[in-house]
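J.: Once you've had a glance at the structure underneath, I'll fire off some questions.
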Amino acid sequence: MEIDGIAQKLLKGVGFLLFILAVAYLLEFLLNLNNPYFNDSDAVELILKSAMYFLIVGGVLILFAILYPEINSSSVKALGGTVLLGLAALPGYGIGIKYLTRKCCSSCSTFEMHWLVNVIGLFVFIFAIGGTILVWFQYLKEVIRRIS
């Protein structure tokens with residue numbers, strides 16, 4: 001399989017993982033409405049805005065992945081893929097990597113998301129970084145081919 005096809009599948013995969021993450025955030029919110037943590041309007045706003053961010057970036061990633069083979073310019077593919085995967089890697093880092101590396105005490109937060117959310121965040125981060133590397137590898141391969 002071509003690197004181009006693998007990069008396209010990673011773009012779609014990260015987009016779908018972001019959709020799953022958005023649904024997980026919304027479900028966590030809806031299933032825990034009686035939690036006193038959700039009496040704070042800032043916490044509710046943060047969760048809802050995060051879910052919307054995941055939906056928007058995931059949707060744009062999927063659209064970009066669908067249009068990926070149609071784009072003729074390798075530099076547009078590389079830059080577009082890098083920007084979108086970077087936007088996906090940031091929350092993946094915040095949700096997945098920071099969760100695994102922190103030493104939490106009882107006063108860290110009053111509400112913990114389900115552990116599955118952190119695992120999905122870890123996968124988003126790993127796949128986004130891997131996708132970025134593949135997109136740039138494909139771009140550099142194209143540049144070297146043109147130079148030779």
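Letters for chains follow the order of the structure tokens (A, B, ...), residue numbers begin at 1 for each chain, and ligand numbers begin at 1 in the order shown.
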If you run DSSP on the backbone, which residues of chain A are helix (DSSP H, G or I), as a ChimeraX atom specification?
T.: /A:3-31,36-39,41-70,74-101,115-147
J.: Near A:Leu140, counting only C-alpha atoms, which residues have an atom at most 10 Å away, once you skip same-chain residues fewer than 4 positions from it, shown as a ChimeraX atom specification?
T.: /A:74-75,78,134-136,144-146
J.: Please provide as JSON, numbers by chain all residues within 8 Å of A:Ile95, with the sequence filter that same-chain residues fewer than 2 positions apart are discarded (counting only C-alpha atoms).
T.: {"A": [91, 92, 93, 97, 98, 99, 117, 118, 121, 122]}
J.: Which residues are near stretch 28-39 of chain A? Cut-off 9 Å, only C-alpha atoms, ignore same chain within fewer than 4 positions. Put them as a list in words.
T.: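 Listed by chain and then number, they are Val23, Ala24, Ala43, Val44, Ile47, Leu48, Thr110, Phe111, Met113 and His114 of chain A.
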J.: List the neighbours of A:Phe54 out to 8 Å using only C-alpha atoms; skip same-chain residues closer than 4 positions along the sequence, and give me the result as a ChimeraX atom specification.
T.: /A:18-19,21-22,50,58,88
